[in-house]
Structures are given as C-alpha cells and as structure tokens.
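J.: Enclosed is the structure file data36.cif (mmCIF, N, CA and C atoms).
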```cif
data_start
loop_
_atom_site.group_PDB
_atom_site.id
_atom_site.type_symbol
_atom_site.label_atom_id
_atom_site.label_comp_id
_atom_site.auth_asym_id
_atom_site.auth_seq_id
_atom_site.Cartn_x
_atom_site.Cartn_y
_atom_site.Cartn_z
ATOM 1 N N MET A 543 -143.802 -21.856 116.537
ATOM 2 C CA MET A 543 -145.052 -21.236 116.180
ATOM 3 C C MET A 543 -145.403 -20.192 117.247
ATOM 4 N N LEU A 544 -145.752 -19.001 116.814
ATOM 5 C CA LEU A 544 -146.108 -17.920 117.733
ATOM 6 C C LEU A 544 -147.603 -17.907 117.977
ATOM 7 N N HIS A 545 -147.969 -17.702 119.205
ATOM 8 C CA HIS A 545 -149.382 -17.570 119.569
ATOM 9 C C HIS A 545 -149.634 -16.143 120.023
ATOM 10 N N GLN A 546 -150.716 -15.582 119.584
ATOM 11 C CA GLN A 546 -151.082 -14.240 120.021
ATOM 12 C C GLN A 546 -152.315 -14.340 120.909
ATOM 13 N N TYR A 547 -152.266 -13.636 122.013
ATOM 14 C CA TYR A 547 -153.376 -13.642 122.954
ATOM 15 C C TYR A 547 -153.991 -12.251 122.990
ATOM 16 N N CYS A 548 -155.285 -12.202 123.010
ATOM 17 C CA CYS A 548 -156.003 -10.937 123.124
ATOM 18 C C CYS A 548 -156.539 -10.847 124.550
ATOM 19 N N VAL A 549 -155.970 -9.954 125.321
ATOM 20 C CA VAL A 549 -156.393 -9.795 126.712
ATOM 21 C C VAL A 549 -157.285 -8.570 126.792
ATOM 22 N N GLN A 550 -158.487 -8.747 127.297
ATOM 23 C CA GLN A 550 -159.420 -7.643 127.454
ATOM 24 C C GLN A 550 -159.926 -7.623 128.887
ATOM 25 N N GLU A 551 -160.124 -6.414 129.398
ATOM 26 C CA GLU A 551 -160.723 -6.283 130.717
ATOM 27 C C GLU A 551 -162.222 -6.191 130.542
ATOM 28 N N ALA A 552 -162.942 -6.969 131.322
ATOM 29 C CA ALA A 552 -164.399 -6.924 131.261
ATOM 30 C C ALA A 552 -164.881 -5.741 132.091
ATOM 31 N N LYS A 553 -165.686 -4.906 131.492
ATOM 32 C CA LYS A 553 -166.228 -3.745 132.194
ATOM 33 C C LYS A 553 -167.673 -4.055 132.570
ATOM 34 N N VAL A 554 -167.961 -4.000 133.845
ATOM 35 C CA VAL A 554 -169.294 -4.308 134.357
ATOM 36 C C VAL A 554 -170.221 -3.147 134.038
ATOM 37 N N PRO A 555 -171.429 -3.418 133.541
ATOM 38 C CA PRO A 555 -172.366 -2.329 133.222
ATOM 39 C C PRO A 555 -172.623 -1.434 134.440
ATOM 40 N N GLY A 556 -172.611 -0.133 134.221
ATOM 41 C CA GLY A 556 -172.851 0.818 135.305
ATOM 42 C C GLY A 556 -171.581 1.311 135.956
ATOM 43 N N PHE A 557 -170.472 0.608 135.769
ATOM 44 C CA PHE A 557 -169.199 1.021 136.356
ATOM 45 C C PHE A 557 -168.370 1.759 135.324
ATOM 46 N N ARG A 558 -167.609 2.733 135.804
ATOM 47 C CA ARG A 558 -166.720 3.497 134.941
ATOM 48 C C ARG A 558 -165.316 3.426 135.535
ATOM 49 N N VAL A 559 -164.328 3.801 134.741
ATOM 50 C CA VAL A 559 -162.947 3.813 135.215
ATOM 51 C C VAL A 559 -162.576 5.253 135.568
ATOM 52 N N TYR A 560 -162.087 5.437 136.783
ATOM 53 C CA TYR A 560 -161.677 6.754 137.258
ATOM 54 C C TYR A 560 -160.183 6.734 137.574
ATOM 55 N N GLN A 561 -159.561 7.884 137.399
ATOM 56 C CA GLN A 561 -158.161 8.054 137.762
ATOM 57 C C GLN A 561 -158.089 9.088 138.864
ATOM 58 N N ALA A 562 -157.176 8.899 139.800
ATOM 59 C CA ALA A 562 -157.017 9.854 140.900
ATOM 60 C C ALA A 562 -155.555 9.891 141.324
ATOM 61 N N ARG A 563 -155.204 10.963 142.018
ATOM 62 C CA ARG A 563 -153.887 11.058 142.642
ATOM 63 C C ARG A 563 -154.096 10.857 144.135
ATOM 64 N N VAL A 564 -153.307 9.971 144.725
ATOM 65 C CA VAL A 564 -153.424 9.656 146.151
ATOM 66 C C VAL A 564 -152.091 9.956 146.825
ATOM 67 N N ARG A 565 -152.150 10.718 147.901
ATOM 68 C CA ARG A 565 -150.952 11.015 148.696
ATOM 69 C C ARG A 565 -151.141 10.398 150.076
ATOM 70 N N VAL A 566 -150.187 9.564 150.456
ATOM 71 C CA VAL A 566 -150.249 8.911 151.765
ATOM 72 C C VAL A 566 -149.007 9.276 152.570
ATOM 73 N N LYS A 567 -149.197 9.377 153.870
ATOM 74 C CA LYS A 567 -148.088 9.697 154.766
ATOM 75 C C LYS A 567 -147.854 8.525 155.705
ATOM 76 N N TYR A 568 -146.596 8.167 155.838
ATOM 77 C CA TYR A 568 -146.179 7.123 156.769
ATOM 78 C C TYR A 568 -145.091 7.715 157.652
ATOM 79 N N PRO A 569 -144.818 7.095 158.774
ATOM 80 C CA PRO A 569 -143.739 7.619 159.619
ATOM 81 C C PRO A 569 -142.416 7.649 158.839
ATOM 82 N N GLY A 570 -141.869 8.833 158.692
ATOM 83 C CA GLY A 570 -140.584 8.958 158.020
ATOM 84 C C GLY A 570 -140.640 9.335 156.548
ATOM 85 N N TYR A 571 -141.770 9.144 155.878
ATOM 86 C CA TYR A 571 -141.844 9.524 154.464
ATOM 87 C C TYR A 571 -143.294 9.668 154.011
ATOM 88 N N ALA A 572 -143.458 10.282 152.836
ATOM 89 C CA ALA A 572 -144.776 10.417 152.215
ATOM 90 C C ALA A 572 -144.646 9.970 150.765
ATOM 91 N N SER A 573 -145.732 9.493 150.193
ATOM 92 C CA SER A 573 -145.715 9.002 148.818
ATOM 93 C C SER A 573 -146.944 9.511 148.074
ATOM 94 N N SER A 574 -146.763 9.814 146.804
ATOM 95 C CA SER A 574 -147.865 10.259 145.966
ATOM 96 C C SER A 574 -147.902 9.366 144.732
ATOM 97 N N MET A 575 -149.093 8.902 144.353
ATOM 98 C CA MET A 575 -149.197 7.992 143.212
ATOM 99 C C MET A 575 -150.479 8.227 142.438
ATOM 100 N N ASP A 576 -150.449 7.920 141.162
ATOM 101 C CA ASP A 576 -151.650 7.942 140.331
ATOM 102 C C ASP A 576 -152.238 6.539 140.344
ATOM 103 N N VAL A 577 -153.550 6.448 140.525
ATOM 104 C CA VAL A 577 -154.220 5.149 140.583
ATOM 105 C C VAL A 577 -155.453 5.172 139.686
ATOM 106 N N ALA A 578 -155.884 3.993 139.268
ATOM 107 C CA ALA A 578 -157.125 3.840 138.511
ATOM 108 C C ALA A 578 -158.036 2.908 139.294
ATOM 109 N N ILE A 579 -159.341 3.168 139.230
ATOM 110 C CA ILE A 579 -160.294 2.386 140.010
ATOM 111 C C ILE A 579 -161.623 2.289 139.264
ATOM 112 N N PHE A 580 -162.292 1.146 139.390
ATOM 113 C CA PHE A 580 -163.623 0.955 138.818
ATOM 114 C C PHE A 580 -164.653 1.376 139.854
ATOM 115 N N ALA A 581 -165.560 2.273 139.481
ATOM 116 C CA ALA A 581 -166.611 2.737 140.398
ATOM 117 C C ALA A 581 -167.792 3.244 139.585
ATOM 118 N N LYS A 582 -168.918 3.445 140.280
ATOM 119 C CA LYS A 582 -170.122 3.947 139.615
ATOM 120 C C LYS A 582 -170.183 5.464 139.565
ATOM 121 N N SER A 583 -169.448 6.145 140.446
ATOM 122 C CA SER A 583 -169.457 7.605 140.499
ATOM 123 C C SER A 583 -168.156 8.101 141.110
ATOM 124 N N VAL A 584 -167.944 9.416 141.028
ATOM 125 C CA VAL A 584 -166.760 10.021 141.645
ATOM 126 C C VAL A 584 -166.781 9.792 143.153
ATOM 127 N N ALA A 585 -167.956 9.955 143.763
ATOM 128 C CA ALA A 585 -168.084 9.762 145.213
ATOM 129 C C ALA A 585 -167.738 8.334 145.612
ATOM 130 N N MET A 586 -168.211 7.361 144.847
ATOM 131 C CA MET A 586 -167.905 5.962 145.147
ATOM 132 C C MET A 586 -166.411 5.694 144.975
ATOM 133 N N ALA A 587 -165.797 6.289 143.951
ATOM 134 C CA ALA A 587 -164.360 6.128 143.738
ATOM 135 C C ALA A 587 -163.582 6.654 144.945
ATOM 136 N N ARG A 588 -163.976 7.831 145.449
ATOM 137 C CA ARG A 588 -163.313 8.402 146.633
ATOM 138 C C ARG A 588 -163.472 7.496 147.858
ATOM 139 N N GLN A 589 -164.688 6.961 148.061
ATOM 140 C CA GLN A 589 -164.927 6.078 149.208
ATOM 141 C C GLN A 589 -164.073 4.813 149.120
ATOM 142 N N LEU A 590 -163.990 4.224 147.939
ATOM 143 C CA LEU A 590 -163.189 3.013 147.769
ATOM 144 C C LEU A 590 -161.701 3.294 148.000
ATOM 145 N N LEU A 591 -161.232 4.439 147.517
ATOM 146 C CA LEU A 591 -159.827 4.799 147.730
ATOM 147 C C LEU A 591 -159.543 5.083 149.198
ATOM 148 N N MET A 592 -160.479 5.730 149.892
ATOM 149 C CA MET A 592 -160.311 5.955 151.341
ATOM 150 C C MET A 592 -160.252 4.635 152.098
ATOM 151 N N ALA A 593 -161.087 3.680 151.689
ATOM 152 C CA ALA A 593 -161.088 2.369 152.339
ATOM 153 C C ALA A 593 -159.761 1.647 152.099
ATOM 154 N N GLN A 594 -159.192 1.834 150.917
ATOM 155 C CA GLN A 594 -157.951 1.138 150.583
ATOM 156 C C GLN A 594 -156.724 1.801 151.194
ATOM 157 N N TYR A 595 -156.655 3.141 151.145
ATOM 158 C CA TYR A 595 -155.443 3.845 151.565
ATOM 159 C C TYR A 595 -155.552 4.513 152.933
ATOM 160 N N GLY A 596 -156.734 4.508 153.537
ATOM 161 C CA GLY A 596 -156.905 5.079 154.865
ATOM 162 C C GLY A 596 -157.489 6.482 154.825
ATOM 163 N N ARG A 597 -158.095 6.890 155.928
ATOM 164 C CA ARG A 597 -158.774 8.182 155.993
ATOM 165 C C ARG A 597 -157.803 9.361 155.967
ATOM 166 N N ASP A 598 -156.548 9.129 156.295
ATOM 167 C CA ASP A 598 -155.567 10.212 156.290
ATOM 168 C C ASP A 598 -154.999 10.482 154.899
ATOM 169 N N ALA A 599 -155.321 9.644 153.931
ATOM 170 C CA ALA A 599 -154.825 9.832 152.568
ATOM 171 C C ALA A 599 -155.493 11.061 151.935
ATOM 172 N N VAL A 600 -154.728 11.784 151.136
ATOM 173 C CA VAL A 600 -155.258 12.935 150.406
ATOM 174 C C VAL A 600 -155.569 12.464 148.982
ATOM 175 N N ILE A 601 -156.852 12.495 148.621
ATOM 176 C CA ILE A 601 -157.293 12.020 147.311
ATOM 177 C C ILE A 601 -157.707 13.239 146.484
ATOM 178 N N SER A 602 -157.077 13.409 145.331
ATOM 179 C CA SER A 602 -157.383 14.575 144.495
ATOM 180 C C SER A 602 -157.436 14.190 143.033
ATOM 181 N N ASN A 603 -157.951 15.109 142.237
ATOM 182 C CA ASN A 603 -158.022 14.956 140.778
ATOM 183 C C ASN A 603 -158.721 13.670 140.338
ATOM 184 N N VAL A 604 -159.878 13.388 140.897
ATOM 185 C CA VAL A 604 -160.640 12.203 140.482
ATOM 186 C C VAL A 604 -161.372 12.547 139.191
ATOM 187 N N VAL A 605 -160.988 11.869 138.097
ATOM 188 C CA VAL A 605 -161.592 12.121 136.797
ATOM 189 C C VAL A 605 -161.924 10.799 136.115
ATOM 190 N N GLU A 606 -162.986 10.820 135.312
ATOM 191 C CA GLU A 606 -163.379 9.635 134.556
ATOM 192 C C GLU A 606 -162.465 9.506 133.334
ATOM 193 N N ILE A 607 -161.911 8.314 133.137
ATOM 194 C CA ILE A 607 -161.028 8.109 131.986
ATOM 195 C C ILE A 607 -161.598 7.105 130.991
ATOM 196 N N ALA A 608 -162.600 6.328 131.382
ATOM 197 C CA ALA A 608 -163.227 5.377 130.442
ATOM 198 C C ALA A 608 -164.606 5.014 130.927
#
```
Using structure tokens, write down the structure from this file.

T.:
Amino acid sequence: MLHQYCVQEAKVPGFRVYQARVRVKYPGYASSMDVAIFAKSVAMARQLLMAQYGRDAVISNVVEIA
C-alpha cells in the first residue's frame, strides 16, 4: 500500500521568502551560491546572511520570491 505525504512549509505572518546570491572567499578558493531566506524585509535578509556567512561575504541580487 502506498502512502502519500503532503509536506508544506509554514510561513510565519509578516515574513517573506527572499533569494540572494552570496559570494564567500576562503584561503585558496572562493565560492558563489544562490540561497533562500525567510525575513521581514530586504535589509533584514541582508543582515541575516551577513551573520551567517560573515561580513566579508558579498551579498547581491536580494529579491522577494514568495
């Protein structure tokens, strides 16, 4: 018997989903990645990404996706 599960992400009122490109540099290499984050504004999204990836990270193209 097959079971189907419906997985949904709960979205907290006031928060939106933002997408950004983050470039980080480490000794010997650099990496660029697209990330998604829940935040109340573009500014809050940037602050949260800086806290996660460090102040030296280059954060660009922050756009609301949901």

J.: Neighbours of Val584 in chain A within 9 Å (only C-alpha atoms; same-chain residues fewer than 2 positions away dropped), as a ChimeraX atom specification?

T.: /A:560,581-582,586-589,604-606

J.: What gap, in Å, lies between atom N of Gly556 in chain A and CA of Ala578 in chain A?

T.: 16.6 Å

J.: When the PyMOL selection byres (((chain A and resi 566-570 and name CA) around 9) and name CA) is applied to the structure above, which residues does it catch, written out as a list in words?

T.: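 Applying the PyMOL selection byres (((chain A and resi 566-570 and name CA) around 9) and name CA) to the structure shown produces Val564, Arg565, Tyr571, Ala572, Ser573, Ser574, Met575, Tyr595, Gly596, Asp598, Ala599, Val600 and Ile601 of chain A.
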
J.: Work out how far CA of Leu591 in chain A is from atom N of Pro555 in chain A, in Å to one decimal.

T.: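 Between atom N of Pro555 in chain A and CA of Leu591 in chain A the gap works out to 20.1 Å.
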
J.: Enumerate, as an MDAnalysis selection string, the complete set of residues in chain A that a backbone-based DSSP assignment places in strand (DSSP E or B).

T.: chainID A and resid 558:568 571:581 600:606

J.: Calculate how many Å separate CA of Arg558 in chain A from CA of Ser602 in chain A, rounding to one decimal.

T.: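 Pair CA of Arg558 in chain A / CA of Ser602 in chain A returns 17.4 Å.
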